[in-house]
Amino acid sequence: MTNPKVGVVIVNYNGERYTSTCVRSVLKSSYENYLVIVVDNASSDNSVRLLEEEFNSKIVIIKNEKNLGFSAANNIGIKYALENECEYVLLLNNDTEIDKDLIKNMVKASIENNNAIISPKIYYYDSPNKIWSAGGSLNWKKGLSFHYGVNKIDKGQFDVRKEIDFATGCCILIHKSVFDKIGFLAEEYFLYYEDTDFCVRAKMAGIKILYEPSAKLWHKVSSTVGGEESLITLYYSNRNRLYFNNKFNKKNKFYYLSYFFVTRMVKFLIWLIKGQKDKIRIVLKAIRDYRNNKMGYTEIQKKKVKIPKD
């Protein structure tokens with residue numbers, strides 16, 4: 001199949017400032033055989049109304065009755081795409097804008113490589129020639145995923161297609177056969193590390209993951225959760241990092257836990273000096289909730305977070 005149908009799944013949660021712009025960029029694609037599916041996680045802003053008014057029948061909007069999280073909302077969109085004869089699914093963050101040839105080039109790369117999972121070249125939106133991700137890998141000793149090329153000015157040094165270990169959920173193309181082999185995104189994460197989990201399971205099943213440099217987009221990094229050191233980001237990234245490593249990385253437990261706690265202590269000292277005690281509290285809560293096997297959604301208070309007693 002040279003022109004397979006692609007389901008573009010975009011999760012929206014109070015994305016009034018971002019989602020419509022993202023959808024507009026998709027609708028300008030040179031690739032024509034696609035279906036845009038916006039899954040709304042019970043937004044309280046005007047984003048859904050604006051999407052309905054501007055795009056009407058051009059897109060499908062699925063409205064969840066509550067915030068189910070990134071993983072579960074994507075799974076709803078994936079299943080809808082598969083039920084509507086999509087050969088591929090493109091998971092796309094709502095705080096992105098894509099190049100018109102992104103879908104075409106990702107599909108081409110996958111077809112040429114036995115339906116491999118494809119990851120594009122991602123730039124910072126505010127610095128359009130600075131790379132955020134040129135594919136990714138895993139450092140098992142540290143228990144971390146990382147991006148190639150991060151913060152590098154693009155001079156063509158990342159213009160070669162290559163096999164990678166990790167594709168960020170910001171934008172990832174997946175053939176329908178992958179879901180048959182390994183299932184969907186793990187919903188216990190709620191937010192963060194579900195893409196890492198998915199990629200590890202794919203590699204374990206012998207599925208190739210490729211970085212495709214000709215596919216490009218621009219990412220407003222962590223904008224929908226308030227930034228890379230917002231309380232939401234700190235909570236879910238720390239809790240889920242521990243959970244992910246306990247699930248897949250037991251042989252390096254001493255190393256990744258040592259690295260985790262030493263670097264947390266350094267951050268705690270910095271935050272203490274800056275008077276940012278709320279960040280210390282939220283990371284301690286993340287650690288406690290992981291130890292108590294409290295996964296899924298957790299309400300994050302914006303100011304003071306009380307740590308419950310055992």
# chains A, B, ... in the order shown; residues from 1 in each chain; ligands from 1

call {"tool": "select_by_dssp", "arguments": {"residues": "stretch 81-238 of chain A", "states": "helix (DSSP H, G or I)", "output": "number ranges by chain"}}
result
A: 81-83, 102-112, 176-182, 187-189, 194-204, 223-225, 231-238

call {"tool": "residues_around", "arguments": {"residues": "A:Ile98", "least_positions_apart": "4", "cutoff": "10 Å", "atoms": "only C-alpha atoms", "output": "list in words"}}
result
Thr21, Cys22, Val23, Arg24, Ser25, Val26, Leu27, Lys28, Ser29, Leu92, Leu102, Ile103, Ile122, Cys171, Ala215, Lys216, Leu217, Trp218 and His219 of chain A

call {"tool": "residues_around", "arguments": {"residues": "A:Arg239", "least_positions_apart": "6", "cutoff": "12 Å", "atoms": "only C-alpha atoms", "output": "ChimeraX atom specification"}}
result
/A:188-193,232-233,245-246,260,282-298

call {"tool": "write_last_selection", "arguments": {"atoms": "N, CA, C and O atoms", "output": "mmCIF file, in the first residue's frame"}}
result
data_model
loop_
_atom_site.group_PDB
_atom_site.id
_atom_site.type_symbol
_atom_site.label_atom_id
_atom_site.label_comp_id
_atom_site.auth_asym_id
_atom_site.auth_seq_id
_atom_site.Cartn_x
_atom_site.Cartn_y
_atom_site.Cartn_z
ATOM 1 N N GLU A 188 -1.235 3.132 33.403
ATOM 2 C CA GLU A 188 -0.937 3.411 34.803
ATOM 3 C C GLU A 188 -0.016 4.619 34.978
ATOM 4 O O GLU A 188 0.059 5.199 36.060
ATOM 5 N N TYR A 189 0.680 5.006 33.915
ATOM 6 C CA TYR A 189 1.583 6.157 34.020
ATOM 7 C C TYR A 189 0.818 7.475 34.099
ATOM 8 O O TYR A 189 1.293 8.433 34.694
ATOM 9 N N PHE A 190 -0.335 7.540 33.456
ATOM 10 C CA PHE A 190 -1.165 8.736 33.320
ATOM 11 C C PHE A 190 -0.500 9.786 32.450
ATOM 12 O O PHE A 190 -1.069 10.280 31.494
ATOM 13 N N LEU A 191 0.742 10.137 32.757
ATOM 14 C CA LEU A 191 1.460 11.189 32.037
ATOM 15 C C LEU A 191 2.958 10.975 32.236
ATOM 16 O O LEU A 191 3.417 10.841 33.369
ATOM 17 N N TYR A 192 3.715 10.918 31.162
ATOM 18 C CA TYR A 192 5.164 10.729 31.141
ATOM 19 C C TYR A 192 5.586 9.262 31.315
ATOM 20 O O TYR A 192 5.062 8.547 32.145
ATOM 21 N N TYR A 193 6.543 8.868 30.526
ATOM 22 C CA TYR A 193 7.186 7.551 30.500
ATOM 23 C C TYR A 193 6.349 6.466 29.828
ATOM 24 O O TYR A 193 6.828 5.350 29.640
ATOM 25 N N ILE A 232 3.426 19.589 38.139
ATOM 26 C CA ILE A 232 2.859 18.435 37.437
ATOM 27 C C ILE A 232 3.971 17.611 36.791
ATOM 28 O O ILE A 232 4.032 16.387 36.937
ATOM 29 N N THR A 233 4.871 18.301 36.089
ATOM 30 C CA THR A 233 5.977 17.603 35.436
ATOM 31 C C THR A 233 6.872 16.909 36.449
ATOM 32 O O THR A 233 7.260 15.742 36.276
ATOM 33 N N ASN A 245 11.627 1.981 35.736
ATOM 34 C CA ASN A 245 12.876 1.258 35.969
ATOM 35 C C ASN A 245 12.664 -0.006 36.790
ATOM 36 O O ASN A 245 13.319 -1.024 36.544
ATOM 37 N N ASN A 246 11.750 0.044 37.725
ATOM 38 C CA ASN A 246 11.449 -1.170 38.484
ATOM 39 C C ASN A 246 10.827 -2.236 37.588
ATOM 40 O O ASN A 246 11.029 -3.440 37.796
ATOM 41 N N PHE A 260 19.626 8.437 40.893
ATOM 42 C CA PHE A 260 18.378 9.158 41.138
ATOM 43 C C PHE A 260 18.440 9.941 42.447
ATOM 44 O O PHE A 260 18.166 11.150 42.483
ATOM 45 N N ILE A 282 6.863 18.130 46.298
ATOM 46 C CA ILE A 282 6.195 17.346 45.266
ATOM 47 C C ILE A 282 7.032 16.140 44.853
ATOM 48 O O ILE A 282 6.503 15.066 44.558
ATOM 49 N N VAL A 283 8.350 16.274 44.835
ATOM 50 C CA VAL A 283 9.212 15.140 44.493
ATOM 51 C C VAL A 283 9.168 14.097 45.610
ATOM 52 O O VAL A 283 9.134 12.885 45.342
ATOM 53 N N LEU A 284 9.156 14.543 46.861
ATOM 54 C CA LEU A 284 9.030 13.601 47.979
ATOM 55 C C LEU A 284 7.698 12.865 47.913
ATOM 56 O O LEU A 284 7.621 11.665 48.201
ATOM 57 N N LYS A 285 6.646 13.575 47.530
ATOM 58 C CA LYS A 285 5.345 12.927 47.376
ATOM 59 C C LYS A 285 5.382 11.903 46.235
ATOM 60 O O LYS A 285 4.813 10.813 46.353
ATOM 61 N N ALA A 286 6.067 12.243 45.148
ATOM 62 C CA ALA A 286 6.192 11.317 44.020
ATOM 63 C C ALA A 286 6.884 10.030 44.448
ATOM 64 O O ALA A 286 6.456 8.924 44.093
ATOM 65 N N ILE A 287 7.953 10.158 45.227
ATOM 66 C CA ILE A 287 8.693 8.990 45.716
ATOM 67 C C ILE A 287 7.822 8.155 46.632
ATOM 68 O O ILE A 287 7.762 6.922 46.535
ATOM 69 N N ARG A 288 7.114 8.823 47.542
ATOM 70 C CA ARG A 288 6.231 8.107 48.475
ATOM 71 C C ARG A 288 5.115 7.381 47.734
ATOM 72 O O ARG A 288 4.809 6.212 48.031
ATOM 73 N N ASP A 289 4.506 8.037 46.756
ATOM 74 C CA ASP A 289 3.415 7.401 46.019
ATOM 75 C C ASP A 289 3.908 6.200 45.214
ATOM 76 O O ASP A 289 3.212 5.184 45.118
ATOM 77 N N TYR A 290 5.107 6.293 44.660
ATOM 78 C CA TYR A 290 5.678 5.138 43.955
ATOM 79 C C TYR A 290 5.848 3.970 44.922
ATOM 80 O O TYR A 290 5.472 2.829 44.612
ATOM 81 N N ARG A 291 6.415 4.247 46.091
ATOM 82 C CA ARG A 291 6.642 3.184 47.080
ATOM 83 C C ARG A 291 5.333 2.556 47.546
ATOM 84 O O ARG A 291 5.283 1.368 47.882
ATOM 85 N N ASN A 292 4.271 3.354 47.560
ATOM 86 C CA ASN A 292 2.962 2.859 47.980
ATOM 87 C C ASN A 292 2.142 2.326 46.805
ATOM 88 O O ASN A 292 0.949 2.038 46.951
ATOM 89 N N ASN A 293 2.804 2.223 45.639
ATOM 90 C CA ASN A 293 2.169 1.720 44.415
ATOM 91 C C ASN A 293 0.929 2.531 44.042
ATOM 92 O O ASN A 293 -0.069 1.994 43.557
ATOM 93 N N LYS A 294 0.992 3.823 44.270
ATOM 94 C CA LYS A 294 -0.099 4.716 43.901
ATOM 95 C C LYS A 294 0.197 5.287 42.522
ATOM 96 O O LYS A 294 0.901 6.274 42.372
ATOM 97 N N MET A 295 -0.377 4.648 41.505
ATOM 98 C CA MET A 295 -0.153 5.072 40.134
ATOM 99 C C MET A 295 -1.419 5.730 39.599
ATOM 100 O O MET A 295 -2.382 5.931 40.318
ATOM 101 N N GLY A 296 -1.405 6.046 38.290
ATOM 102 C CA GLY A 296 -2.547 6.723 37.699
ATOM 103 C C GLY A 296 -2.579 8.196 38.070
ATOM 104 O O GLY A 296 -1.550 8.817 38.328
ATOM 105 N N TYR A 297 -3.794 8.747 38.114
ATOM 106 C CA TYR A 297 -3.963 10.184 38.346
ATOM 107 C C TYR A 297 -3.764 10.551 39.806
ATOM 108 O O TYR A 297 -4.203 9.848 40.715
ATOM 109 N N THR A 298 -3.083 11.658 40.032
ATOM 110 C CA THR A 298 -2.959 12.261 41.362
ATOM 111 C C THR A 298 -3.189 13.753 41.229
ATOM 112 O O THR A 298 -2.607 14.405 40.360
#

call {"tool": "closest_residue", "arguments": {"among": "A:Asn129, A:Gln157, A:Thr196, A:Ser258", "to": "A:Tyr243", "atoms": "only C-alpha atoms"}}
result
A:Thr196

call {"tool": "residues_around", "arguments": {"residues": "stretch 200-212 of chain A", "least_positions_apart": "5", "cutoff": "6 Å", "atoms": "only C-alpha atoms", "output": "PyMOL selection string"}}
result
chain A and resi 116-120+135+161-164

call {"tool": "write_last_selection", "arguments": {"atoms": "N, CA, C and O atoms", "output": "PDB file, in the first residue's frame"}}
result
ATOM      1  N   ALA A 116       8.379  -0.113  10.283  1.00  0.00           N
ATOM      2  CA  ALA A 116       9.054   0.309  11.515  1.00  0.00           C
ATOM      3  C   ALA A 116       8.331   1.481  12.153  1.00  0.00           C
ATOM      4  O   ALA A 116       7.626   2.251  11.490  1.00  0.00           O
ATOM      5  N   ILE A 117       8.499   1.622  13.464  1.00  0.00           N
ATOM      6  CA  ILE A 117       8.056   2.821  14.177  1.00  0.00           C
ATOM      7  C   ILE A 117       8.980   3.974  13.769  1.00  0.00           C
ATOM      8  O   ILE A 117      10.193   3.792  13.669  1.00  0.00           O
ATOM      9  N   ILE A 118       8.399   5.165  13.555  1.00  0.00           N
ATOM     10  CA  ILE A 118       9.190   6.289  13.051  1.00  0.00           C
ATOM     11  C   ILE A 118       9.112   7.478  14.017  1.00  0.00           C
ATOM     12  O   ILE A 118       8.038   7.856  14.482  1.00  0.00           O
ATOM     13  N   SER A 119      10.295   8.065  14.255  1.00  0.00           N
ATOM     14  CA  SER A 119      10.421   9.277  15.080  1.00  0.00           C
ATOM     15  C   SER A 119      11.010  10.386  14.211  1.00  0.00           C
ATOM     16  O   SER A 119      11.976  10.157  13.485  1.00  0.00           O
ATOM     17  N   PRO A 120      10.473  11.612  14.259  1.00  0.00           N
ATOM     18  CA  PRO A 120      10.945  12.688  13.386  1.00  0.00           C
ATOM     19  C   PRO A 120      12.031  13.549  14.034  1.00  0.00           C
ATOM     20  O   PRO A 120      12.426  13.314  15.180  1.00  0.00           O
ATOM     21  N   GLY A 135      15.790  11.842  17.563  1.00  0.00           N
ATOM     22  CA  GLY A 135      15.718  10.459  18.011  1.00  0.00           C
ATOM     23  C   GLY A 135      16.214  10.338  19.433  1.00  0.00           C
ATOM     24  O   GLY A 135      16.747  11.295  20.009  1.00  0.00           O
ATOM     25  N   ARG A 161      19.162   8.965   8.477  1.00  0.00           N
ATOM     26  CA  ARG A 161      18.192   8.036   9.074  1.00  0.00           C
ATOM     27  C   ARG A 161      18.943   6.956   9.839  1.00  0.00           C
ATOM     28  O   ARG A 161      19.935   6.414   9.349  1.00  0.00           O
ATOM     29  N   LYS A 162      18.489   6.638  11.053  1.00  0.00           N
ATOM     30  CA  LYS A 162      19.183   5.602  11.823  1.00  0.00           C
ATOM     31  C   LYS A 162      18.231   4.910  12.789  1.00  0.00           C
ATOM     32  O   LYS A 162      17.171   5.450  13.151  1.00  0.00           O
ATOM     33  N   GLU A 163      18.627   3.728  13.221  1.00  0.00           N
ATOM     34  CA  GLU A 163      17.839   2.995  14.199  1.00  0.00           C
ATOM     35  C   GLU A 163      18.111   3.558  15.582  1.00  0.00           C
ATOM     36  O   GLU A 163      19.253   3.880  15.931  1.00  0.00           O
ATOM     37  N   ILE A 164      17.058   3.693  16.373  1.00  0.00           N
ATOM     38  CA  ILE A 164      17.149   4.250  17.720  1.00  0.00           C
ATOM     39  C   ILE A 164      16.422   3.337  18.705  1.00  0.00           C
ATOM     40  O   ILE A 164      15.735   2.403  18.307  1.00  0.00           O
TER      41      ILE A 164
END

call {"tool": "residues_around", "arguments": {"residues": "stretch 84-88 of chain A", "least_positions_apart": "6", "cutoff": "6 Å", "atoms": "only C-alpha atoms", "output": "mmCIF file with N, CA, C and O atoms, in the first residue's frame"}}
result
data_model
loop_
_atom_site.group_PDB
_atom_site.id
_atom_site.type_symbol
_atom_site.label_atom_id
_atom_site.label_comp_id
_atom_site.auth_asym_id
_atom_site.auth_seq_id
_atom_site.Cartn_x
_atom_site.Cartn_y
_atom_site.Cartn_z
ATOM 1 N N PRO A 4 -1.231 4.657 2.446
ATOM 2 C CA PRO A 4 -2.079 4.136 3.520
ATOM 3 C C PRO A 4 -2.734 5.244 4.332
ATOM 4 O O PRO A 4 -2.187 6.347 4.479
ATOM 5 N N LYS A 5 -3.892 4.941 4.883
ATOM 6 C CA LYS A 5 -4.622 5.912 5.703
ATOM 7 C C LYS A 5 -3.943 6.052 7.062
ATOM 8 O O LYS A 5 -3.599 5.059 7.708
ATOM 9 N N VAL A 6 -3.766 7.303 7.493
ATOM 10 C CA VAL A 6 -3.098 7.604 8.754
ATOM 11 C C VAL A 6 -4.083 8.282 9.706
ATOM 12 O O VAL A 6 -4.690 9.302 9.358
ATOM 13 N N GLY A 7 -4.237 7.734 10.882
ATOM 14 C CA GLY A 7 -5.035 8.377 11.921
ATOM 15 C C GLY A 7 -4.132 9.260 12.767
ATOM 16 O O GLY A 7 -3.222 8.758 13.428
ATOM 17 N N ILE A 174 3.132 4.835 14.128
ATOM 18 C CA ILE A 174 3.074 3.420 14.504
ATOM 19 C C ILE A 174 2.149 2.667 13.551
ATOM 20 O O ILE A 174 0.996 3.069 13.342
ATOM 21 N N HIS A 175 2.656 1.583 12.968
ATOM 22 C CA HIS A 175 1.827 0.749 12.106
ATOM 23 C C HIS A 175 0.857 -0.067 12.959
ATOM 24 O O HIS A 175 1.157 -0.436 14.098
ATOM 25 N N LYS A 176 -0.291 -0.382 12.402
ATOM 26 C CA LYS A 176 -1.334 -1.082 13.155
ATOM 27 C C LYS A 176 -0.866 -2.439 13.678
ATOM 28 O O LYS A 176 -1.328 -2.903 14.735
#

call {"tool": "residues_around", "arguments": {"residues": "A:Asp154", "least_positions_apart": "5", "cutoff": "9 Å", "atoms": "only C-alpha atoms", "output": "list in words"}}
result
Tyr123, Asn129, Lys130, Ile131 and Gly149 of chain A

call {"tool": "select_by_dssp", "arguments": {"residues": "stretch 58-258 of chain A", "states": "strand (DSSP E or B)", "output": "ChimeraX atom specification"}}
result
/A:60-63,88-92,96-98,117-124,130-133,136-139,144-147,153,162-163,166,171-175,209-219

call {"tool": "residues_around", "arguments": {"residues": "A:Leu234", "least_positions_apart": "4", "cutoff": "8 Å", "atoms": "only C-alpha atoms", "output": "ChimeraX atom specification"}}
result
/A:228-230,238,279,282-283

call {"tool": "write_last_selection", "arguments": {"atoms": "N, CA, C and O atoms", "output": "PDB file, in the first residue's frame"}}
result
ATOM      1  N   GLU A 228       9.001  22.691  32.158  1.00  0.00           N
ATOM      2  CA  GLU A 228       9.769  21.482  32.475  1.00  0.00           C
ATOM      3  C   GLU A 228      10.015  21.298  33.969  1.00  0.00           C
ATOM      4  O   GLU A 228      10.451  20.240  34.386  1.00  0.00           O
ATOM      5  N   GLU A 229       9.779  22.348  34.772  1.00  0.00           N
ATOM      6  CA  GLU A 229       9.896  22.191  36.230  1.00  0.00           C
ATOM      7  C   GLU A 229       8.601  22.587  36.928  1.00  0.00           C
ATOM      8  O   GLU A 229       8.593  23.030  38.074  1.00  0.00           O
ATOM      9  N   SER A 230       7.480  22.433  36.230  1.00  0.00           N
ATOM     10  CA  SER A 230       6.191  22.623  36.886  1.00  0.00           C
ATOM     11  C   SER A 230       5.971  21.493  37.885  1.00  0.00           C
ATOM     12  O   SER A 230       6.595  20.432  37.795  1.00  0.00           O
ATOM     13  N   ASN A 238       9.096  12.034  38.048  1.00  0.00           N
ATOM     14  CA  ASN A 238       9.855  11.346  39.097  1.00  0.00           C
ATOM     15  C   ASN A 238       9.190  10.036  39.512  1.00  0.00           C
ATOM     16  O   ASN A 238       9.851   9.002  39.605  1.00  0.00           O
ATOM     17  N   LYS A 279       8.672  22.457  45.324  1.00  0.00           N
ATOM     18  CA  LYS A 279       9.252  21.466  44.405  1.00  0.00           C
ATOM     19  C   LYS A 279       9.840  20.290  45.179  1.00  0.00           C
ATOM     20  O   LYS A 279       9.750  19.139  44.739  1.00  0.00           O
ATOM     21  N   ILE A 282       6.863  18.130  46.298  1.00  0.00           N
ATOM     22  CA  ILE A 282       6.195  17.346  45.266  1.00  0.00           C
ATOM     23  C   ILE A 282       7.032  16.140  44.853  1.00  0.00           C
ATOM     24  O   ILE A 282       6.503  15.066  44.558  1.00  0.00           O
ATOM     25  N   VAL A 283       8.350  16.274  44.835  1.00  0.00           N
ATOM     26  CA  VAL A 283       9.212  15.140  44.493  1.00  0.00           C
ATOM     27  C   VAL A 283       9.168  14.097  45.610  1.00  0.00           C
ATOM     28  O   VAL A 283       9.134  12.885  45.342  1.00  0.00           O
TER      29      VAL A 283
END

call {"tool": "closest_residue", "arguments": {"among": "A:Arg264, A:Leu144, A:Ile270, A:Cys170", "to": "A:Asn249", "atoms": "only C-alpha atoms"}}
result
A:Leu144

call {"tool": "closest_residue", "arguments": {"among": "A:Glu16, A:Asp278, A:Glu53, A:Asp195", "to": "A:Leu231", "atoms": "only C-alpha atoms"}}
result
A:Asp278

call {"tool": "closest_residue", "arguments": {"among": "A:Val221, A:Glu187, A:Phe248, A:Asn75", "to": "A:Trp132", "atoms": "only C-alpha atoms"}}
result
A:Val221

call {"tool": "closest_residue", "arguments": {"among": "A:Val11, A:Leu68, A:Met265, A:Ile59", "to": "A:Asn94", "atoms": "only C-alpha atoms"}}
result
A:Val11

call {"tool": "atom_distance", "arguments": {"atom1": "atom CA of A:Lys141", "atom2": "atom CA of A:Asn252"}}
result
5.8 Å

call {"tool": "atom_distance", "arguments": {"atom1": "atom CA of A:Ser133", "atom2": "atom CA of A:Phe244"}}
result
21.0 Å
